[in-house]
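Engineer: Quick one, target_34.pdb (PDB, C-alpha atoms and all ligand atoms):
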ATOM      1  CA  MET A 737     111.462 114.913  93.593
ATOM      2  CA  LEU A 738     108.311 113.623  95.228
ATOM      3  CA  VAL A 739     105.259 115.809  95.826
ATOM      4  CA  ILE A 740     103.031 114.925  98.774
ATOM      5  CA  THR A 741      99.785 116.831  99.237
ATOM      6  CA  ILE A 742      98.108 116.874 102.630
ATOM      7  CA  CYS A 743      94.389 117.108 102.068
ATOM      8  CA  SER A 744      91.006 116.289 103.516
ATOM      9  CA  THR A 745      87.374 116.891 102.739
ATOM     10  CA  LYS A 746      86.991 118.507 106.177
ATOM     11  CA  GLY A 747      88.545 121.524 107.861
ATOM     12  CA  GLY A 748      90.405 121.586 111.162
ATOM     13  CA  VAL A 749      91.575 117.972 111.074
ATOM     14  CA  GLY A 750      95.298 118.662 111.516
ATOM     15  CA  LYS A 751      96.578 119.131 107.946
ATOM     16  CA  THR A 752      98.775 122.150 108.638
ATOM     17  CA  THR A 753     100.238 120.705 111.832
ATOM     18  CA  LEU A 754     100.990 117.456 110.031
ATOM     19  CA  THR A 755     102.553 119.235 107.028
ATOM     20  CA  ALA A 756     104.800 121.370 109.235
ATOM     21  CA  ASN A 757     105.937 118.474 111.411
ATOM     22  CA  LEU A 758     106.535 116.118 108.515
ATOM     23  CA  GLY A 759     108.586 118.832 106.825
ATOM     24  CA  GLY A 760     110.480 119.414 110.065
ATOM     25  CA  ILE A 761     111.532 115.820 110.623
ATOM     26  CA  LEU A 762     112.451 115.275 106.968
ATOM     27  CA  ALA A 763     114.563 118.446 106.935
ATOM     28  CA  ASP A 764     116.272 117.418 110.178
ATOM     29  CA  SER A 765     117.213 114.149 108.497
ATOM     30  CA  GLY A 766     119.078 116.020 105.772
ATOM     31  CA  ILE A 767     116.341 115.810 103.137
ATOM     32  CA  ARG A 768     115.777 118.996 101.119
ATOM     33  CA  VAL A 769     112.169 119.961 101.700
ATOM     34  CA  LEU A 770     109.917 122.619 100.202
ATOM     35  CA  LEU A 771     106.644 123.459 101.927
ATOM     36  CA  VAL A 772     103.867 124.987  99.819
ATOM     37  CA  ASP A 773     101.088 126.851 101.587
ATOM     38  CA  ALA A 774      98.061 126.437  99.326
ATOM     39  CA  ASP A 775      95.526 127.751 101.839
ATOM     40  CA  ILE A 776      94.304 131.349 101.725
ATOM     41  CA  GLN A 777      94.427 131.292 105.536
ATOM     42  CA  PRO A 778      98.231 131.419 105.704
ATOM     43  CA  THR A 779      98.710 129.241 108.799
ATOM     44  CA  LEU A 780     101.581 127.193 107.407
ATOM     45  CA  SER A 781     103.296 130.372 106.161
ATOM     46  CA  SER A 782     103.842 131.546 109.715
ATOM     47  CA  TYR A 783     104.290 128.159 111.394
ATOM     48  CA  TYR A 784     108.099 128.405 111.480
ATOM     49  CA  PRO A 785     110.105 131.630 111.709
ATOM     50  CA  ILE A 786     111.274 132.892 108.313
ATOM     51  CA  GLU A 787     114.949 133.629 107.843
ATOM     52  CA  THR A 788     114.847 135.117 104.350
ATOM     53  CA  ARG A 789     111.506 136.274 103.040
ATOM     54  CA  SER A 790     110.748 136.482  99.323
ATOM     55  CA  LYS A 791     108.282 139.133  98.254
ATOM     56  CA  ALA A 792     106.041 136.720  96.394
ATOM     57  CA  GLY A 793     104.695 133.239  96.964
ATOM     58  CA  LEU A 794     102.044 130.861  95.679
ATOM     59  CA  HIS A 795     100.068 133.404  93.659
ATOM     60  CA  ARG A 796     103.092 134.338  91.556
ATOM     61  CA  LEU A 797     104.262 130.718  91.251
ATOM     62  CA  VAL A 798     100.882 129.544  89.956
ATOM     63  CA  THR A 799      99.954 132.473  87.729
ATOM     64  CA  THR A 800     103.363 132.970  86.100
ATOM     65  CA  GLY A 801     105.115 129.628  86.579
ATOM     66  CA  GLU A 802     108.162 131.590  87.729
ATOM     67  CA  VAL A 803     110.210 129.964  90.449
ATOM     68  CA  ASP A 804     112.570 132.883  91.069
ATOM     69  CA  GLY A 805     111.524 135.099  93.943
ATOM     70  CA  VAL A 806     108.756 132.867  95.276
ATOM     71  CA  ILE A 807     110.713 130.795  97.791
ATOM     72  CA  SER A 808     111.394 131.875 101.362
ATOM     73  CA  GLN A 809     113.836 130.207 103.773
ATOM     74  CA  THR A 810     112.732 129.112 107.229
ATOM     75  CA  THR A 811     115.164 129.131 110.151
ATOM     76  CA  ILE A 812     115.297 125.332 109.913
ATOM     77  CA  PRO A 813     118.109 124.146 107.642
ATOM     78  CA  ASN A 814     116.869 122.286 104.521
ATOM     79  CA  LEU A 815     113.352 123.656 104.965
ATOM     80  CA  ASP A 816     112.108 126.262 102.486
ATOM     81  CA  ILE A 817     108.590 127.494 101.868
ATOM     82  CA  VAL A 818     106.351 129.020  99.225
ATOM     83  CA  VAL A 819     104.125 131.227 101.356
ATOM     84  CA  SER A 820     100.502 132.062 100.707
ATOM     85  CA  ASP A 821     100.516 135.597  99.265
ATOM     86  CA  ASP A 822      96.869 135.943  98.358
ATOM     87  CA  PRO A 823      95.102 137.843 101.166
ATOM     88  CA  GLU A 824      92.181 138.762  98.930
ATOM     89  CA  GLY A 825      91.672 135.187  97.828
ATOM     90  CA  THR A 826      91.834 135.959  94.111
ATOM     91  CA  LEU A 827      93.756 132.821  93.179
ATOM     92  CA  GLU A 828      90.772 130.483  93.469
ATOM     93  CA  ASN A 829      88.887 132.488  90.856
ATOM     94  CA  TRP A 830      91.934 132.770  88.640
ATOM     95  CA  ILE A 831      92.325 128.973  88.637
ATOM     96  CA  LEU A 832      88.627 128.531  87.835
ATOM     97  CA  HIS A 833      88.840 130.819  84.836
ATOM     98  CA  THR A 834      92.145 129.584  83.449
ATOM     99  CA  PRO A 835      91.794 126.525  81.214
ATOM    100  CA  ASP A 836      94.811 124.720  82.661
ATOM    101  CA  GLY A 837      94.457 126.396  86.075
ATOM    102  CA  ARG A 838      94.138 123.212  88.081
ATOM    103  CA  VAL A 839      97.368 121.718  86.747
ATOM    104  CA  ARG A 840      99.443 124.902  87.047
ATOM    105  CA  LEU A 841     100.983 124.009  90.408
ATOM    106  CA  LYS A 842     101.968 120.544  89.203
ATOM    107  CA  HIS A 843     103.763 122.029  86.230
ATOM    108  CA  ALA A 844     105.316 124.921  88.146
ATOM    109  CA  LEU A 845     106.814 122.528  90.707
ATOM    110  CA  GLN A 846     108.582 120.630  87.963
ATOM    111  CA  GLY A 847     110.866 123.651  87.595
ATOM    112  CA  LEU A 848     112.185 123.085  91.118
ATOM    113  CA  GLY A 849     114.912 120.504  90.808
ATOM    114  CA  GLU A 850     116.738 121.226  94.033
ATOM    115  CA  TYR A 851     114.243 119.622  96.448
ATOM    116  CA  ASP A 852     113.817 115.966  97.372
ATOM    117  CA  ILE A 853     110.323 116.354  98.779
ATOM    118  CA  VAL A 854     107.618 118.972  98.323
ATOM    119  CA  LEU A 855     104.794 119.075 100.866
ATOM    120  CA  VAL A 856     101.642 120.921  99.838
ATOM    121  CA  ASP A 857      99.200 122.009 102.557
ATOM    122  CA  THR A 858      95.647 122.579 101.311
ATOM    123  CA  GLN A 859      92.497 124.161 102.654
ATOM    124  CA  GLY A 860      89.817 121.860 103.995
ATOM    125  CA  ALA A 861      87.134 123.197 101.658
ATOM    126  CA  VAL A 862      86.238 121.804  98.266
ATOM    127  CA  GLY A 863      87.234 124.146  95.439
ATOM    128  CA  ALA A 864      89.652 124.905  92.644
ATOM    129  CA  LEU A 865      92.515 125.640  95.040
ATOM    130  CA  GLN A 866      92.101 122.274  96.743
ATOM    131  CA  ASP A 867      91.860 120.564  93.344
ATOM    132  CA  MET A 868      95.103 122.198  92.264
ATOM    133  CA  GLY A 869      96.892 120.925  95.387
ATOM    134  CA  VAL A 870      95.554 117.392  94.946
ATOM    135  CA  LEU A 871      96.478 117.279  91.264
ATOM    136  CA  ALA A 872     100.049 118.410  91.987
ATOM    137  CA  ALA A 873     100.688 115.325  94.107
ATOM    138  CA  ASP A 874     102.421 112.044  93.479
ATOM    139  CA  LEU A 875     101.010 110.881  96.770
ATOM    140  CA  LEU A 876      98.174 112.114  98.979
ATOM    141  CA  LEU A 877      98.072 112.079 102.766
ATOM    142  CA  SER A 878      94.851 112.644 104.624
ATOM    143  CA  PRO A 879      94.556 112.967 108.414
ATOM    144  CA  ILE A 880      91.464 111.220 109.769
ATOM    145  CA  PRO A 881      90.265 112.631 113.091
ATOM    146  CA  PRO A 882      88.276 110.516 115.564
ATOM    147  CA  GLU A 883      85.068 112.468 114.816
ATOM    148  CA  ILE A 884      85.049 111.039 111.333
ATOM    149  CA  LEU A 885      85.695 107.494 112.428
ATOM    150  CA  SER A 886      82.651 106.315 110.678
ATOM    151  CA  ALA A 887      84.795 104.547 108.141
ATOM    152  CA  ARG A 888      82.270 104.656 105.353
ATOM    153  CA  GLU A 889      81.774 108.382 105.763
ATOM    154  CA  PHE A 890      85.512 108.932 105.405
ATOM    155  CA  ALA A 891      85.828 106.581 102.453
ATOM    156  CA  ARG A 892      82.860 108.001 100.565
ATOM    157  CA  GLY A 893      83.783 111.658 101.106
ATOM    158  CA  THR A 894      87.406 111.143 100.165
ATOM    159  CA  LEU A 895      86.606 108.911  97.220
ATOM    160  CA  GLY A 896      84.185 111.544  95.956
ATOM    161  CA  MET A 897      87.043 114.053  95.874
ATOM    162  CA  LEU A 898      89.344 111.637  94.042
ATOM    163  CA  GLU A 899      86.730 110.434  91.561
ATOM    164  CA  ARG A 900      85.772 113.970  90.611
ATOM    165  CA  LEU A 901      89.389 114.673  89.646
ATOM    166  CA  ARG A 902      90.050 111.310  88.006
ATOM    167  CA  PRO A 903      89.308 112.596  84.428
ATOM    168  CA  MET A 904      92.263 114.982  84.802
ATOM    169  CA  GLN A 905      94.541 112.038  84.004
ATOM    170  CA  HIS A 906      93.740 112.762  80.369
ATOM    171  CA  LEU A 907      95.395 116.158  80.881
ATOM    172  CA  GLY A 908      98.539 114.547  82.252
ATOM    173  CA  ALA A 909      97.576 114.833  85.910
ATOM    174  CA  PRO A 910      96.681 111.408  87.286
ATOM    175  CA  VAL A 911      95.367 111.423  90.862
ATOM    176  CA  GLY A 912      97.912 109.947  93.299
ATOM    177  CA  HIS A 913      97.327 107.127  95.756
ATOM    178  CA  LEU A 914      95.793 108.344  99.013
ATOM    179  CA  HIS A 915      97.035 107.283 102.435
ATOM    180  CA  GLY A 916      94.696 107.880 105.351
ATOM    181  CA  LEU A 917      96.363 108.595 108.695
ATOM    182  CA  VAL A 918      94.377 108.067 111.882
ATOM    183  CA  TYR A 919      95.056 111.394 113.540
ATOM    184  CA  ARG A 920      94.580 113.035 116.962
ATOM    185  CA  MET A 921      93.593 109.728 118.487
ATOM    186  CA  ASP A 922      92.380 109.833 122.046
ATOM    187  CA  ARG A 923      94.030 107.638 124.656
ATOM    188  CA  THR A 924      90.639 106.358 125.785
ATOM    189  CA  VAL A 925      89.747 104.704 122.519
ATOM    190  CA  ASP A 926      91.124 101.494 121.170
ATOM    191  CA  ALA A 927      93.116 102.989 118.319
ATOM    192  CA  ARG A 928      94.199  99.682 116.919
ATOM    193  CA  ARG A 929      90.663  98.308 116.690
ATOM    194  CA  ILE A 930      89.309 101.481 115.106
ATOM    195  CA  ALA A 931      92.170 101.632 112.639
ATOM    196  CA  ASP A 932      91.508  98.015 111.678
ATOM    197  CA  SER A 933      87.814  98.526 110.992
ATOM    198  CA  LEU A 934      88.605 101.741 109.124
ATOM    199  CA  ARG A 935      91.153  99.889 107.027
ATOM    200  CA  LYS A 936      88.716  97.140 106.121
ATOM    201  CA  ALA A 937      85.789  99.408 105.244
ATOM    202  CA  THR A 938      87.964 101.837 103.301
ATOM    203  CA  PHE A 939      89.526  99.099 101.249
ATOM    204  CA  GLU A 940      86.129  97.645 100.351
ATOM    205  CA  GLU A 941      84.571 101.002  99.640
ATOM    206  CA  SER A 942      87.482 102.367  97.570
ATOM    207  CA  ARG A 943      88.556  99.103  95.906
ATOM    208  CA  GLY A 944      92.136  99.744  96.921
ATOM    209  CA  ALA A 945      92.395 103.438  95.905
ATOM    210  CA  ILE A 946      92.753 104.475  99.543
ATOM    211  CA  SER A 947      94.809 102.737 102.203
ATOM    212  CA  ILE A 948      95.110 103.417 105.917
ATOM    213  CA  LEU A 949      98.582 103.676 107.447
ATOM    214  CA  ASP A 950      99.503 101.588 110.500
ATOM    215  CA  THR A 951     100.996 104.645 112.209
ATOM    216  CA  VAL A 952      98.495 106.454 114.414
ATOM    217  CA  VAL A 953      99.129 110.023 115.581
ATOM    218  CA  PRO A 954      97.897 110.490 119.148
ATOM    219  CA  ALA A 955      96.195 113.583 120.519
ATOM    220  CA  THR A 956      98.771 115.114 122.870
ATOM    221  CA  VAL A 957      99.608 118.617 124.038
ATOM    222  CA  ALA A 958     103.062 118.331 122.468
ATOM    223  CA  TYR A 959     101.651 119.117 119.009
ATOM    224  CA  ARG A 960     100.064 122.330 120.207
ATOM    225  CA  GLU A 961     103.023 123.311 122.409
ATOM    226  CA  ALA A 962     105.487 122.743 119.580
ATOM    227  CA  ALA A 963     103.347 124.884 117.271
ATOM    228  CA  THR A 964     103.356 127.685 119.838
ATOM    229  CA  ALA A 965     107.129 127.360 120.251
ATOM    230  CA  ARG A 966     107.418 127.217 116.435
ATOM    231  CA  VAL A 967     109.569 124.110 116.386
ATOM    232  CA  PRO A 968     109.016 120.669 114.841
ATOM    233  CA  VAL A 969     107.247 118.393 117.302
ATOM    234  CA  HIS A 970     109.902 115.652 117.177
ATOM    235  CA  ARG A 971     112.381 118.148 118.633
ATOM    236  CA  TRP A 972     109.888 119.287 121.242
ATOM    237  CA  GLU A 973     109.068 115.803 122.484
ATOM    238  CA  PRO A 974     111.944 113.378 121.842
ATOM    239  CA  ARG A 975     110.759 111.148 124.702
ATOM    240  CA  ARG A 976     107.864 110.813 127.096
ATOM    241  CA  ARG A 977     106.583 108.609 129.919
ATOM    242  CA  GLY A 978     103.641 106.277 129.610
ATOM    243  CA  ALA A 979     102.077 104.171 126.901
ATOM    244  CA  THR A 980     101.538 106.911 124.302
ATOM    245  CA  PRO A 981     104.521 107.087 121.944
ATOM    246  CA  CYS A 982     106.538 110.316 121.968
ATOM    247  CA  ALA A 983     106.358 112.645 118.974
ATOM    248  CA  LEU A 984     109.829 111.611 117.750
ATOM    249  CA  GLU A 985     108.680 107.976 117.723
ATOM    250  CA  THR A 986     105.390 108.781 115.981
ATOM    251  CA  MET A 987     106.869 111.028 113.307
ATOM    252  CA  THR A 988     109.716 108.585 112.613
ATOM    253  CA  SER A 989     107.260 105.761 112.210
ATOM    254  CA  LEU A 990     105.151 107.871 109.857
ATOM    255  CA  VAL A 991     108.131 108.752 107.639
ATOM    256  CA  ARG A 992     109.291 105.133 107.514
ATOM    257  CA  GLU A 993     105.872 103.914 106.521
ATOM    258  CA  LEU A 994     105.064 106.656 104.033
ATOM    259  CA  LEU A 995     108.518 106.911 102.463
ATOM    260  CA  PRO A 996     110.179 103.526 102.963
ATOM    261  CA  HIS A 997     112.828 104.351 100.367
ATOM    262  CA  LEU A 998     114.283 107.115 102.528
ATOM    263  CA  ASP A 999     117.312 106.695 104.716
ATOM    264  CA  LEU A1000     116.685 104.204 107.494
ATOM    265  CA  GLN A1001     119.179 106.101 109.627
ATOM    266  CA  LEU A1002     116.473 108.692 110.068
ATOM    267  CA  LYS A1003     115.799 108.100 113.714
ATOM    268  CA  GLU A1004     119.472 107.964 114.686
ATOM    269  CA  THR A1005     120.277 111.172 112.795
ATOM    270  CA  VAL A1006     117.335 113.013 114.218
ATOM    271  CA  THR A1007     117.862 111.692 117.741
ATOM    272  CA  GLU A1008     121.445 112.963 117.701
ATOM    273  CA  GLU A1009     120.138 116.274 116.445
ATOM    274  CA  VAL A1010     117.482 116.727 119.128
ATOM    275  CA  THR A1011     119.578 115.547 122.046
ATOM    276  CA  SER A1012     122.747 117.449 121.124
TER     277      SER A1012
HETATM  278  N1  LIG A1101      98.281 115.417 117.325
HETATM  279  C1  LIG A1101      97.593 116.439 117.833
HETATM  280  N2  LIG A1101      97.122 116.394 119.102
HETATM  281  C2  LIG A1101      96.388 117.399 119.600
HETATM  282  N3  LIG A1101      96.065 118.517 118.933
HETATM  283  C3  LIG A1101      96.496 118.636 117.668
HETATM  284  C4  LIG A1101      97.286 117.619 117.053
HETATM  285  N4  LIG A1101      97.568 118.031 115.790
HETATM  286  C5  LIG A1101      96.988 119.222 115.621
HETATM  287  N5  LIG A1101      96.339 119.594 116.738
HETATM  288  C6  LIG A1101      95.553 120.837 116.921
HETATM  289  O1  LIG A1101      94.375 120.731 116.130
HETATM  290  C7  LIG A1101      93.985 122.022 115.628
HETATM  291  C8  LIG A1101      93.764 121.980 114.129
HETATM  292  O2  LIG A1101      94.988 121.688 113.501
HETATM  293  P1  LIG A1101      95.404 122.285 112.081
HETATM  294  O3  LIG A1101      95.327 123.767 112.066
HETATM  295  O4  LIG A1101      96.700 121.643 111.744
HETATM  296  O5  LIG A1101      94.232 121.691 111.172
HETATM  297  P2  LIG A1101      93.925 122.002 109.617
HETATM  298  O6  LIG A1101      93.352 120.740 109.054
HETATM  299  O7  LIG A1101      95.118 122.559 108.968
HETATM  300  O8  LIG A1101      92.801 123.126 109.727
HETATM  301  P3  LIG A1101      92.217 124.051 108.518
HETATM  302  O9  LIG A1101      91.311 123.150 107.725
HETATM  303  O10 LIG A1101      91.527 125.139 109.240
HETATM  304  O11 LIG A1101      93.404 124.499 107.712
HETATM  305  C9  LIG A1101      95.093 122.977 116.059
HETATM  306  O12 LIG A1101      94.678 123.662 117.212
HETATM  307  C10 LIG A1101      96.264 122.059 116.391
HETATM  308  O13 LIG A1101      97.129 122.602 117.370
HETATM  309 MG    MG A1102      95.367 124.311 107.842
END
Show the structure stored in the file as structure tokens.

Structural biologist:
Amino acid sequence: MLVITICSTKGGVGKTTLTANLGGILADSGIRVLLVDADIQPTLSSYYPIETRSKAGLHRLVTTGEVDGVISQTTIPNLDIVVSDDPEGTLENWILHTPDGRVRLKHALQGLGEYDIVLVDTQGAVGALQDMGVLAADLLLSPIPPEILSAREFARGTLGMLERLRPMQHLGAPVGHLHGLVYRMDRTVDARRIADSLRKATFEESRGAISILDTVVPATVAYREAATARVPVHRWEPRRRGATPCALETMTSLVRELLPHLDLQLKETVTEEVTS
């Protein structure tokens, strides 16, 4: 089981959309996926329709370590979710005041053998809840929006988050490698050139702790439309005209780059699925 946490030092950059769509394409390729909504604003929890709803969710999972009764099933086969069940936002405080609070999610997830991949969506604000999500991960994925394309700003902010948590390795929670993903890229800018300069500056600044993926996710209406229709974006846009790659192409490329060990039949399987 591999845990991937989607995080950023900024809000509104596309974390939830990315988490949902990554989960969607992995599930459609036959991989057993668990989504974890670790944001008190429960956007991911209602992204896809729920088929079977459990009464509890993240709060119970983290505070008790119990895995029974915290998992809900979405209408997408292979895609389950731990919803955010903390409307009053008490979990953040609980984590702060519990000695091993920040590593609770990591340990709780180890009781879930039946998933191949767990995707944790976090809130874009620094705090104990975000720390807990980051520390649960084997691998971190961070969308980088064009506004933050000052490479050094991205590298410094993100490194700050990682460095602060680095000492947790002594408590058995080493911080995972972080992949930056150039996200919501406008057609008018030279994505390749920006990605290259970002890659260079980030590598220098982070001494290899952060790397930038080659895949670039464009800004297109498909991502918003698919969210409204409550379906994974690769199903919504399996093809498109023009130079911008379709969502199926983009998401496939992302999975291949991020998880090269996964089935290379991915695209064929998913294409059959979306066109049938
Ligand atoms: N590739 C894309 N192209 C265009 N718009 C996008 C794309 N991905 C996401 N969006 C839009 O960007 C907005 C922010 O996305 P999202 O809610 O996923 O961000 P977030 O990082 O989870 O925000 P928060 O920090 O508030 O949780 C949404 O309106 C979403 O529809
Ligand atoms: Mg979000």

Engineer: Which residues of chain A have any atom within 8 Å of an atom in ligand LIG 1101 (chain A) when counting only C-alpha atoms and all ligand atoms, and what is the closest pair of atoms for each, with the distance in Å to one decimal? Order the rows by chain and rising number and write it as CSV.

Structural biologist:
residue,atom,partner,partner_atom,distance
A:Cys743,CA,A:LIG1101,O6,7.9
A:Ser744,CA,A:LIG1101,O6,7.5
A:Lys746,CA,A:LIG1101,O9,6.5
A:Gly747,CA,A:LIG1101,O9,3.2
A:Gly748,CA,A:LIG1101,O8,3.2
A:Val749,CA,A:LIG1101,O6,3.9
A:Gly750,CA,A:LIG1101,O5,3.2
A:Lys751,CA,A:LIG1101,O6,3.8
A:Thr752,CA,A:LIG1101,O7,3.7
A:Thr753,CA,A:LIG1101,O4,3.7
A:Leu754,CA,A:LIG1101,O4,6.2
A:Thr755,CA,A:LIG1101,O4,7.9
A:Asp775,CA,A:LIG1101,O11,7.0
A:Gln777,CA,A:LIG1101,O11,7.2
A:Thr779,CA,A:LIG1101,O11,7.2
A:Asp857,CA,A:LIG1101,O7,7.6
A:Thr858,CA,A:LIG1101,O11,7.0
A:Gln859,CA,A:LIG1101,O11,5.1
A:Gly860,CA,A:LIG1101,O9,4.2
A:Ala861,CA,A:LIG1101,O9,7.4
A:Pro879,CA,A:LIG1101,O6,7.9
A:Tyr919,CA,A:LIG1101,N1,6.4
A:Arg920,CA,A:LIG1101,N1,4.4
A:Met921,CA,A:LIG1101,N1,7.5
A:Val953,CA,A:LIG1101,N1,5.7
A:Pro954,CA,A:LIG1101,N1,5.3
A:Ala955,CA,A:LIG1101,N2,3.3
A:Thr956,CA,A:LIG1101,N2,4.3
A:Val957,CA,A:LIG1101,C2,5.6
A:Ala958,CA,A:LIG1101,N2,7.1
A:Tyr959,CA,A:LIG1101,C1,5.0
A:Arg960,CA,A:LIG1101,O13,4.1
A:Glu961,CA,A:LIG1101,O13,7.8
A:Ala963,CA,A:LIG1101,O13,6.6

Engineer: Take the residues just selected and output them with C-alpha atoms as a JSON list (two decimals), keeping the file's coordinate frame.

Structural biologist:
[["chain", "number", "residue", "atom", "x", "y", "z"],
["A", 743, "CYS", "CA", 94.39, 117.11, 102.07],
["A", 744, "SER", "CA", 91.01, 116.29, 103.52],
["A", 746, "LYS", "CA", 86.99, 118.51, 106.18],
["A", 747, "GLY", "CA", 88.54, 121.52, 107.86],
["A", 748, "GLY", "CA", 90.40, 121.59, 111.16],
["A", 749, "VAL", "CA", 91.58, 117.97, 111.07],
["A", 750, "GLY", "CA", 95.30, 118.66, 111.52],
["A", 751, "LYS", "CA", 96.58, 119.13, 107.95],
["A", 752, "THR", "CA", 98.78, 122.15, 108.64],
["A", 753, "THR", "CA", 100.24, 120.70, 111.83],
["A", 754, "LEU", "CA", 100.99, 117.46, 110.03],
["A", 755, "THR", "CA", 102.55, 119.24, 107.03],
["A", 775, "ASP", "CA", 95.53, 127.75, 101.84],
["A", 777, "GLN", "CA", 94.43, 131.29, 105.54],
["A", 779, "THR", "CA", 98.71, 129.24, 108.80],
["A", 857, "ASP", "CA", 99.20, 122.01, 102.56],
["A", 858, "THR", "CA", 95.65, 122.58, 101.31],
["A", 859, "GLN", "CA", 92.50, 124.16, 102.65],
["A", 860, "GLY", "CA", 89.82, 121.86, 104.00],
["A", 861, "ALA", "CA", 87.13, 123.20, 101.66],
["A", 879, "PRO", "CA", 94.56, 112.97, 108.41],
["A", 919, "TYR", "CA", 95.06, 111.39, 113.54],
["A", 920, "ARG", "CA", 94.58, 113.04, 116.96],
["A", 921, "MET", "CA", 93.59, 109.73, 118.49],
["A", 953, "VAL", "CA", 99.13, 110.02, 115.58],
["A", 954, "PRO", "CA", 97.90, 110.49, 119.15],
["A", 955, "ALA", "CA", 96.20, 113.58, 120.52],
["A", 956, "THR", "CA", 98.77, 115.11, 122.87],
["A", 957, "VAL", "CA", 99.61, 118.62, 124.04],
["A", 958, "ALA", "CA", 103.06, 118.33, 122.47],
["A", 959, "TYR", "CA", 101.65, 119.12, 119.01],
["A", 960, "ARG", "CA", 100.06, 122.33, 120.21],
["A", 961, "GLU", "CA", 103.02, 123.31, 122.41],
["A", 963, "ALA", "CA", 103.35, 124.88, 117.27]]

Engineer: For Ile831 of chain A, work out the shell of residues within 10 Å, counting all atoms listed in the file and skipping chain neighbours fewer than 4 positions away, then give it as a short mmCIF file (atom, residue, chain, number, x, y, z; two decimals) with C-alpha atoms, in the coordinates of the input.

Structural biologist:
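Just written: part-v6.cif:
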data_model
loop_
_atom_site.label_atom_id
_atom_site.label_comp_id
_atom_site.auth_asym_id
_atom_site.auth_seq_id
_atom_site.Cartn_x
_atom_site.Cartn_y
_atom_site.Cartn_z
CA VAL A 798 100.88 129.54 89.96
CA THR A 799 99.95 132.47 87.73
CA THR A 826 91.83 135.96 94.11
CA LEU A 827 93.76 132.82 93.18
CA PRO A 835 91.79 126.52 81.21
CA ASP A 836 94.81 124.72 82.66
CA GLY A 837 94.46 126.40 86.08
CA ARG A 838 94.14 123.21 88.08
CA VAL A 839 97.37 121.72 86.75
CA ARG A 840 99.44 124.90 87.05
CA GLY A 863 87.23 124.15 95.44
CA ALA A 864 89.65 124.90 92.64
CA LEU A 865 92.52 125.64 95.04
CA ASP A 867 91.86 120.56 93.34
CA MET A 868 95.10 122.20 92.26
#

Engineer: Could you check the closest approach to ligand MG 1102 (chain A) for each of A:Leu758, A:Met737, A:Pro785, A:Ala774 and tell me which residue wins, using all atoms listed in the file?

Structural biologist: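 When distances to ligand MG 1102 (chain A) are compared using all atoms listed in the file, the smallest one comes from A:Ala774.
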
Engineer: So what do you get for atom CA of Arg888 of chain A versus atom CA of Thr951 of chain A, distance-wise?

Structural biologist: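 Distance between the two atoms: 19.9 Å.
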
Engineer: Rank A:Ile948, A:Ile742, A:Val769, A:Val854 by their smallest atom-to-atom distance to Lys936 of chain A, using only C-alpha atoms, and report the top residue only.

Structural biologist: A:Ile948

Engineer: Do you know which residues lie at most 9 Å from (87.9, 114.1, 101.7), with coordinates as in the file and all atoms listed in the file counted, and could you write them as a VMD selection string?

Structural biologist: chain A and resid 743 to 746 860 862 878 890 to 898

Engineer: Have a look at A:Ser989, A:Ser947, A:Thr811, A:Ser782 and name the one nearest to ligand MG 1102 (chain A); count only C-alpha atoms and all ligand atoms.

Structural biologist: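 Of A:Ser989, A:Ser947, A:Thr811, A:Ser782, the one nearest ligand MG 1102 (chain A) is A:Ser782, counting only C-alpha atoms and all ligand atoms.
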
Engineer: Work out how far atom CA of Ile812 of chain A is from atom CA of Val967 of chain A, in Å to one decimal.

Structural biologist: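 Distance reported for this atom pair: 8.7 Å.
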
Engineer: With distances taken over all atoms listed in the file, which residue among A:Gly847, A:Pro813, A:Gly978, A:Gly869 lies nearest Gly759 of chain A?

Structural biologist: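 Among the listed residues, A:Pro813 lies closest to Gly759 of chain A.
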
Engineer: For this file, the PyMOL selection byres (((chain A and resi 850) around 12) and not hetatm) selects which residues, as a PyMOL selection string?

Structural biologist: chain A and resi 737-738+767-770+803+807+814-816+845-849+851-854

Engineer: Find the residues with any atom within 7 Å of (95.2, 109.1, 105.5); use only C-alpha atoms and the coordinates as given in the file, and write the answer as a PyMOL selection string.

Structural biologist: chain A and resi 877-880+914-918+948-949

Engineer: Which residue is closest to ligand MG 1102 (chain A)? Choose from A:Asn757, A:Met904, A:Val739, A:Asp773 and count all atoms listed in the file.

Structural biologist: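 Of all the options, A:Asp773 lies closest to ligand MG 1102 (chain A).
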
Engineer: Would you mind reading off the distance between atom CA of Glu889 of chain A and atom CA of Ala931 of chain A, one decimal, in Å?

Structural biologist: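 Here the two named atoms are 14.2 Å from each other.
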
Engineer: Using all atoms of segment 811-830 of chain A listed in the file and a margin of 8 Å per side, can you give the axis-aligned box centre and edge lengths in Å to one decimal, as AutoDock Vina command-line options?

Structural biologist:
--center_x 103.5 --center_y 130.5 --center_z 99.4 --size_x 45.2 --size_y 32.5 --size_z 37.5

Engineer: So that I can check the surroundings of Cys982 of chain A, please list as an MDAnalysis selection string every protein, DNA and RNA residue that reaches within 9 Å of it, counting all atoms listed in the file and ignoring chain neighbours fewer than 5 positions away.

Structural biologist: chainID A and resid 958 970 973:977 987
